[in-house]
Amino acid sequence: MNKKILVIDDEESMRLLLGRLLEAIPAAEVTLANGPDEGMDRIAERRYALILLDLLMPVEGGIQFLTRLRDMPATRETPVIVVSVVSDPETRSVCQSLGVADYVVKPVDRNTLLAAVRKHLGSEAAS
């Protein structure tokens, strides 16, 4: 069974890079969204096993988006991995308080990202 992953990042090059990196996970079905609005549209269409979320996006930042996700019953428990250039302790603490499953700092290390994704997708993604 495929595990659906939603990648939300306003930078096209980063979305495409993350999509390519996630191809290494045979059980993954990846959807790319160019920001919070498109992300919410995708979430309205289907459930995701995992969301990768950038923090620095125009209009609505990742923390505000994450707060909205946690307020919605359908996504309250969905694991979210933050993938961001922001790595200060205060931001990490806020994200942790909002239930972020993992935090990967850009520039993304392939092995770190894939390990985090596999950990939160479960055993089917391990191969």
# chains A, B, ... in the order shown; residues from 1 in each chain; ligands from 1
$ select_by_dssp --residues "chain A" --states "strand (DSSP E)" --output "number ranges by chain"
A: 3-8, 28-33, 50-53, 80-84, 102-105
$ residues_around --residues "stretch 16-23 of chain A" --least-positions-apart "4" --cutoff "12 Å" --atoms "only C-alpha atoms" --output "PDB file with C-alpha atoms, in the first residue's frame"
ATOM      1  CA  LYS A   3       2.006   5.989   1.715  1.00  0.00           C
ATOM      2  CA  LYS A   4       0.893   9.438   0.633  1.00  0.00           C
ATOM      3  CA  ILE A   5       3.322  12.271   1.363  1.00  0.00           C
ATOM      4  CA  LEU A   6       2.523  15.960   0.879  1.00  0.00           C
ATOM      5  CA  VAL A   7       5.448  18.358   0.346  1.00  0.00           C
ATOM      6  CA  ILE A   8       4.625  22.047   0.941  1.00  0.00           C
ATOM      7  CA  ASP A   9       7.314  24.534  -0.075  1.00  0.00           C
ATOM      8  CA  ASP A  10       7.022  27.817  -1.964  1.00  0.00           C
ATOM      9  CA  GLU A  11      10.361  27.293  -3.752  1.00  0.00           C
ATOM     10  CA  GLU A  12       9.893  25.168  -6.845  1.00  0.00           C
ATOM     11  CA  ALA A  27       6.044   2.895  -0.853  1.00  0.00           C
ATOM     12  CA  ALA A  28       5.782   6.681  -1.219  1.00  0.00           C
ATOM     13  CA  GLU A  29       3.288   8.536  -3.385  1.00  0.00           C
ATOM     14  CA  VAL A  30       4.389  12.181  -3.336  1.00  0.00           C
ATOM     15  CA  THR A  31       2.221  15.239  -3.955  1.00  0.00           C
ATOM     16  CA  LEU A  32       3.834  18.688  -4.257  1.00  0.00           C
ATOM     17  CA  ALA A  33       2.143  21.919  -3.151  1.00  0.00           C
ATOM     18  CA  ASN A  34       3.508  25.429  -3.779  1.00  0.00           C
ATOM     19  CA  LEU A  50       3.084  12.441   6.272  1.00  0.00           C
ATOM     20  CA  ILE A  51       3.536  16.147   5.495  1.00  0.00           C
ATOM     21  CA  LEU A  52       6.868  17.864   4.796  1.00  0.00           C
ATOM     22  CA  LEU A  53       6.524  21.582   5.513  1.00  0.00           C
ATOM     23  CA  ASP A  54       8.720  24.610   4.886  1.00  0.00           C
ATOM     24  CA  VAL A  83      12.176  21.143   6.345  1.00  0.00           C
ATOM     25  CA  SER A  84      13.542  24.646   6.823  1.00  0.00           C
ATOM     26  CA  VAL A 104      15.329  18.702   9.001  1.00  0.00           C
ATOM     27  CA  LYS A 106      18.213  23.007   4.809  1.00  0.00           C
ATOM     28  CA  PRO A 107      20.377  22.441   2.901  1.00  0.00           C
ATOM     29  CA  VAL A 108      18.855  18.979   3.143  1.00  0.00           C
ATOM     30  CA  ASP A 109      21.071  15.999   3.751  1.00  0.00           C
ATOM     31  CA  ARG A 110      19.583  13.115   1.739  1.00  0.00           C
ATOM     32  CA  ASN A 111      20.238  10.446   4.376  1.00  0.00           C
ATOM     33  CA  THR A 112      18.892  12.567   7.241  1.00  0.00           C
ATOM     34  CA  LEU A 113      15.708  13.341   5.327  1.00  0.00           C
ATOM     35  CA  LEU A 114      15.090   9.766   4.211  1.00  0.00           C
ATOM     36  CA  ALA A 115      15.729   8.410   7.712  1.00  0.00           C
ATOM     37  CA  ALA A 116      13.191  10.841   9.178  1.00  0.00           C
ATOM     38  CA  VAL A 117      10.600  10.039   6.509  1.00  0.00           C
ATOM     39  CA  ARG A 118      11.038   6.281   6.889  1.00  0.00           C
ATOM     40  CA  LEU A 121       5.964   6.256   7.588  1.00  0.00           C
ATOM     41  CA  ALA A 125       8.891   2.448   3.800  1.00  0.00           C
TER      42      ALA A 125
END
$ residues_around --residues "A:Gln96" --least-positions-apart "2" --cutoff "12 Å" --atoms "only C-alpha atoms" --output "list in words"
Ile63, Leu66, Thr67, Pro79, Val80, Ile81, Val82, Pro89, Glu90, Thr91, Arg92, Ser93, Val94, Leu98, Gly99, Val100, Ala101, Asp102 and Tyr103 of chain A
$ write_last_selection --atoms "C-alpha atoms" --output "PDB file, in the first residue's frame"
ATOM      1  CA  ILE A  63       4.022  27.871  11.865  1.00  0.00           C
ATOM      2  CA  LEU A  66       0.944  24.053  11.235  1.00  0.00           C
ATOM      3  CA  THR A  67      -1.350  25.651  13.816  1.00  0.00           C
ATOM      4  CA  PRO A  79       3.060  13.533  11.312  1.00  0.00           C
ATOM      5  CA  VAL A  80       4.721  16.712  10.042  1.00  0.00           C
ATOM      6  CA  ILE A  81       8.413  17.027   9.273  1.00  0.00           C
ATOM      7  CA  VAL A  82       9.595  20.612   9.107  1.00  0.00           C
ATOM      8  CA  PRO A  89      16.073  26.917  19.312  1.00  0.00           C
ATOM      9  CA  GLU A  90      12.992  29.139  19.761  1.00  0.00           C
ATOM     10  CA  THR A  91      11.504  28.144  16.395  1.00  0.00           C
ATOM     11  CA  ARG A  92      12.281  24.487  17.033  1.00  0.00           C
ATOM     12  CA  SER A  93      10.593  24.758  20.439  1.00  0.00           C
ATOM     13  CA  VAL A  94       7.449  26.309  18.947  1.00  0.00           C
ATOM     14  CA  LEU A  98       2.792  22.022  17.874  1.00  0.00           C
ATOM     15  CA  GLY A  99       3.625  18.336  17.617  1.00  0.00           C
ATOM     16  CA  VAL A 100       6.170  18.333  14.800  1.00  0.00           C
ATOM     17  CA  ALA A 101       7.434  14.779  14.287  1.00  0.00           C
ATOM     18  CA  ASP A 102      10.886  15.785  13.055  1.00  0.00           C
ATOM     19  CA  TYR A 103      12.956  18.789  11.986  1.00  0.00           C
TER      20      TYR A 103
END
$ select_by_dssp --residues "stretch 28-113 of chain A" --states "alpha helix (DSSP H)" --output "JSON, numbers by chain"
{"A": [36, 37, 38, 39, 40, 41, 42, 43, 44, 45, 62, 63, 64, 65, 66, 67, 68, 69, 70, 71, 89, 90, 91, 92, 93, 94, 95, 96, 97, 110, 111, 112, 113]}
$ write_last_selection --atoms "N, CA and C atoms" --output "CSV table (one decimal), in the first residue's frame"
chain,number,residue,atom,x,y,z
A,36,PRO,N,0.9,27.2,1.4
A,36,PRO,CA,-0.2,26.8,2.3
A,36,PRO,C,-1.6,26.7,1.6
A,37,ASP,N,-1.9,27.6,0.7
A,37,ASP,CA,-3.3,27.5,0.1
A,37,ASP,C,-3.4,26.2,-0.7
A,38,GLU,N,-2.4,25.9,-1.6
A,38,GLU,CA,-2.4,24.7,-2.3
A,38,GLU,C,-2.3,23.5,-1.4
A,39,GLY,N,-1.6,23.6,-0.4
A,39,GLY,CA,-1.5,22.5,0.6
A,39,GLY,C,-2.8,22.2,1.2
A,40,MET,N,-3.6,23.2,1.6
A,40,MET,CA,-4.9,23.0,2.2
A,40,MET,C,-5.9,22.3,1.1
A,41,ASP,N,-5.7,22.8,-0.1
A,41,ASP,CA,-6.5,22.2,-1.2
A,41,ASP,C,-6.2,20.7,-1.3
A,42,ARG,N,-5.0,20.3,-1.3
A,42,ARG,CA,-4.6,18.9,-1.4
A,42,ARG,C,-5.1,18.1,-0.2
A,43,ILE,N,-5.0,18.7,1.0
A,43,ILE,CA,-5.5,18.0,2.2
A,43,ILE,C,-7.0,17.8,2.2
A,44,ALA,N,-7.7,18.8,1.6
A,44,ALA,CA,-9.2,18.6,1.4
A,44,ALA,C,-9.5,17.5,0.5
A,45,GLU,N,-8.6,17.1,-0.4
A,45,GLU,CA,-8.9,16.1,-1.4
A,45,GLU,C,-8.6,14.7,-0.9
A,62,GLY,N,4.9,28.8,7.8
A,62,GLY,CA,4.7,27.4,8.2
A,62,GLY,C,4.2,27.2,9.6
A,63,ILE,N,4.5,28.0,10.5
A,63,ILE,CA,4.0,27.9,11.9
A,63,ILE,C,2.5,28.2,11.9
A,64,GLN,N,2.1,29.2,11.2
A,64,GLN,CA,0.6,29.5,11.2
A,64,GLN,C,-0.1,28.3,10.5
A,65,PHE,N,0.5,27.8,9.4
A,65,PHE,CA,-0.1,26.7,8.7
A,65,PHE,C,-0.2,25.4,9.6
A,66,LEU,N,0.9,25.2,10.3
A,66,LEU,CA,0.9,24.1,11.2
A,66,LEU,C,-0.1,24.2,12.3
A,67,THR,N,-0.3,25.4,12.8
A,67,THR,CA,-1.3,25.7,13.8
A,67,THR,C,-2.7,25.3,13.3
A,68,ARG,N,-3.0,25.7,12.0
A,68,ARG,CA,-4.3,25.4,11.4
A,68,ARG,C,-4.4,23.8,11.2
A,69,LEU,N,-3.3,23.2,10.8
A,69,LEU,CA,-3.4,21.7,10.7
A,69,LEU,C,-3.8,21.0,12.0
A,70,ARG,N,-3.2,21.5,13.1
A,70,ARG,CA,-3.4,20.9,14.4
A,70,ARG,C,-4.8,21.2,14.9
A,71,ASP,N,-5.5,22.3,14.4
A,71,ASP,CA,-6.8,22.6,14.8
A,71,ASP,C,-7.9,21.8,14.0
A,89,PRO,N,16.7,27.7,18.3
A,89,PRO,CA,16.1,26.9,19.3
A,89,PRO,C,14.6,27.4,19.6
A,90,GLU,N,14.4,28.7,19.5
A,90,GLU,CA,13.0,29.1,19.8
A,90,GLU,C,12.0,28.6,18.7
A,91,THR,N,12.4,28.7,17.5
A,91,THR,CA,11.5,28.1,16.4
A,91,THR,C,11.3,26.6,16.5
A,92,ARG,N,12.4,25.9,16.8
A,92,ARG,CA,12.3,24.5,17.0
A,92,ARG,C,11.3,24.2,18.2
A,93,SER,N,11.4,25.0,19.3
A,93,SER,CA,10.6,24.8,20.4
A,93,SER,C,9.1,25.0,20.1
A,94,VAL,N,8.8,26.0,19.4
A,94,VAL,CA,7.4,26.3,18.9
A,94,VAL,C,6.9,25.1,18.1
A,95,CYS,N,7.7,24.7,17.2
A,95,CYS,CA,7.3,23.6,16.3
A,95,CYS,C,7.1,22.3,17.1
A,96,GLN,N,8.0,22.1,18.1
A,96,GLN,CA,7.8,20.9,19.0
A,96,GLN,C,6.5,21.0,19.8
A,97,SER,N,6.2,22.2,20.2
A,97,SER,CA,5.0,22.4,21.0
A,97,SER,C,3.7,22.1,20.1
A,110,ARG,N,20.4,14.2,2.3
A,110,ARG,CA,19.6,13.1,1.7
A,110,ARG,C,19.3,12.0,2.8
A,111,ASN,N,20.4,11.5,3.4
A,111,ASN,CA,20.2,10.4,4.4
A,111,ASN,C,19.4,10.9,5.6
A,112,THR,N,19.6,12.1,6.1
A,112,THR,CA,18.9,12.6,7.2
A,112,THR,C,17.4,12.7,6.9
A,113,LEU,N,17.1,13.2,5.7
A,113,LEU,CA,15.7,13.3,5.3
A,113,LEU,C,15.1,12.0,5.2
$ atom_distance --atom1 "atom CA of A:Tyr48" --atom2 "atom CA of A:Glu77"
10.6 Å
$ atom_distance --atom1 "atom CA of A:Arg76" --atom2 "atom CA of A:Asp88"
24.6 Å
$ closest_residue --among "A:Ala74, A:His120, A:Ala49, A:Gly35" --to "A:Met14" --atoms "only C-alpha atoms"
A:Gly35
$ atom_distance --atom1 "atom CA of A:Pro73" --atom2 "atom CA of A:Pro58"
25.4 Å
$ decode --residues "stretch 59-85 of chain A" --atoms "N, CA and C atoms" --output "mmCIF file, in the first residue's frame"
data_model
loop_
_atom_site.group_PDB
_atom_site.id
_atom_site.type_symbol
_atom_site.label_atom_id
_atom_site.label_comp_id
_atom_site.auth_asym_id
_atom_site.auth_seq_id
_atom_site.Cartn_x
_atom_site.Cartn_y
_atom_site.Cartn_z
ATOM 1 N N VAL A 59 2.835 35.174 2.686
ATOM 2 C CA VAL A 59 1.434 35.259 3.110
ATOM 3 C C VAL A 59 1.216 34.512 4.423
ATOM 4 N N GLU A 60 1.271 33.188 4.385
ATOM 5 C CA GLU A 60 1.091 32.405 5.607
ATOM 6 C C GLU A 60 2.340 31.562 5.822
ATOM 7 N N GLY A 61 3.007 31.774 6.936
ATOM 8 C CA GLY A 61 4.202 31.003 7.243
ATOM 9 C C GLY A 61 3.865 29.606 7.704
ATOM 10 N N GLY A 62 4.890 28.776 7.783
ATOM 11 C CA GLY A 62 4.707 27.379 8.159
ATOM 12 C C GLY A 62 4.150 27.174 9.553
ATOM 13 N N ILE A 63 4.527 28.038 10.498
ATOM 14 C CA ILE A 63 4.022 27.871 11.865
ATOM 15 C C ILE A 63 2.520 28.154 11.923
ATOM 16 N N GLN A 64 2.078 29.185 11.219
ATOM 17 C CA GLN A 64 0.633 29.469 11.167
ATOM 18 C C GLN A 64 -0.111 28.314 10.488
ATOM 19 N N PHE A 65 0.486 27.796 9.411
ATOM 20 C CA PHE A 65 -0.124 26.672 8.699
ATOM 21 C C PHE A 65 -0.187 25.448 9.615
ATOM 22 N N LEU A 66 0.892 25.190 10.319
ATOM 23 C CA LEU A 66 0.944 24.053 11.235
ATOM 24 C C LEU A 66 -0.117 24.191 12.328
ATOM 25 N N THR A 67 -0.309 25.400 12.816
ATOM 26 C CA THR A 67 -1.350 25.651 13.816
ATOM 27 C C THR A 67 -2.725 25.302 13.254
ATOM 28 N N ARG A 68 -2.978 25.701 12.007
ATOM 29 C CA ARG A 68 -4.258 25.354 11.360
ATOM 30 C C ARG A 68 -4.413 23.837 11.225
ATOM 31 N N LEU A 69 -3.318 23.157 10.836
ATOM 32 C CA LEU A 69 -3.368 21.693 10.707
ATOM 33 C C LEU A 69 -3.760 21.041 12.023
ATOM 34 N N ARG A 70 -3.164 21.519 13.099
ATOM 35 C CA ARG A 70 -3.416 20.925 14.413
ATOM 36 C C ARG A 70 -4.824 21.229 14.922
ATOM 37 N N ASP A 71 -5.452 22.271 14.396
ATOM 38 C CA ASP A 71 -6.819 22.610 14.782
ATOM 39 C C ASP A 71 -7.862 21.798 14.015
ATOM 40 N N MET A 72 -7.441 21.111 12.954
ATOM 41 C CA MET A 72 -8.363 20.327 12.124
ATOM 42 C C MET A 72 -8.346 18.865 12.579
ATOM 43 N N PRO A 73 -9.515 18.306 12.905
ATOM 44 C CA PRO A 73 -9.550 16.909 13.369
ATOM 45 C C PRO A 73 -8.878 15.935 12.381
ATOM 46 N N ALA A 74 -9.029 16.145 11.097
ATOM 47 C CA ALA A 74 -8.487 15.212 10.102
ATOM 48 C C ALA A 74 -6.960 15.199 10.062
ATOM 49 N N THR A 75 -6.318 16.288 10.489
ATOM 50 C CA THR A 75 -4.854 16.370 10.404
ATOM 51 C C THR A 75 -4.179 16.561 11.763
ATOM 52 N N ARG A 76 -4.958 16.520 12.801
ATOM 53 C CA ARG A 76 -4.412 16.755 14.145
ATOM 54 C C ARG A 76 -3.269 15.795 14.467
ATOM 55 N N GLU A 77 -3.384 14.542 14.029
ATOM 56 C CA GLU A 77 -2.379 13.523 14.352
ATOM 57 C C GLU A 77 -1.425 13.217 13.198
ATOM 58 N N THR A 78 -1.596 13.872 12.057
ATOM 59 C CA THR A 78 -0.729 13.607 10.906
ATOM 60 C C THR A 78 0.699 14.041 11.220
ATOM 61 N N PRO A 79 1.682 13.133 11.061
ATOM 62 C CA PRO A 79 3.060 13.533 11.312
ATOM 63 C C PRO A 79 3.512 14.620 10.332
ATOM 64 N N VAL A 80 4.183 15.620 10.853
ATOM 65 C CA VAL A 80 4.721 16.712 10.042
ATOM 66 C C VAL A 80 6.222 16.789 10.285
ATOM 67 N N ILE A 81 6.968 16.798 9.188
ATOM 68 C CA ILE A 81 8.413 17.027 9.273
ATOM 69 C C ILE A 81 8.667 18.422 8.727
ATOM 70 N N VAL A 82 9.220 19.275 9.566
ATOM 71 C CA VAL A 82 9.595 20.612 9.107
ATOM 72 C C VAL A 82 10.910 20.481 8.341
ATOM 73 N N VAL A 83 10.958 21.096 7.162
ATOM 74 C CA VAL A 83 12.176 21.143 6.345
ATOM 75 C C VAL A 83 12.428 22.622 6.096
ATOM 76 N N SER A 84 13.384 23.200 6.839
ATOM 77 C CA SER A 84 13.542 24.646 6.823
ATOM 78 C C SER A 84 14.982 25.069 7.029
ATOM 79 N N VAL A 85 15.297 26.242 6.518
ATOM 80 C CA VAL A 85 16.597 26.856 6.772
ATOM 81 C C VAL A 85 16.636 27.445 8.186
#
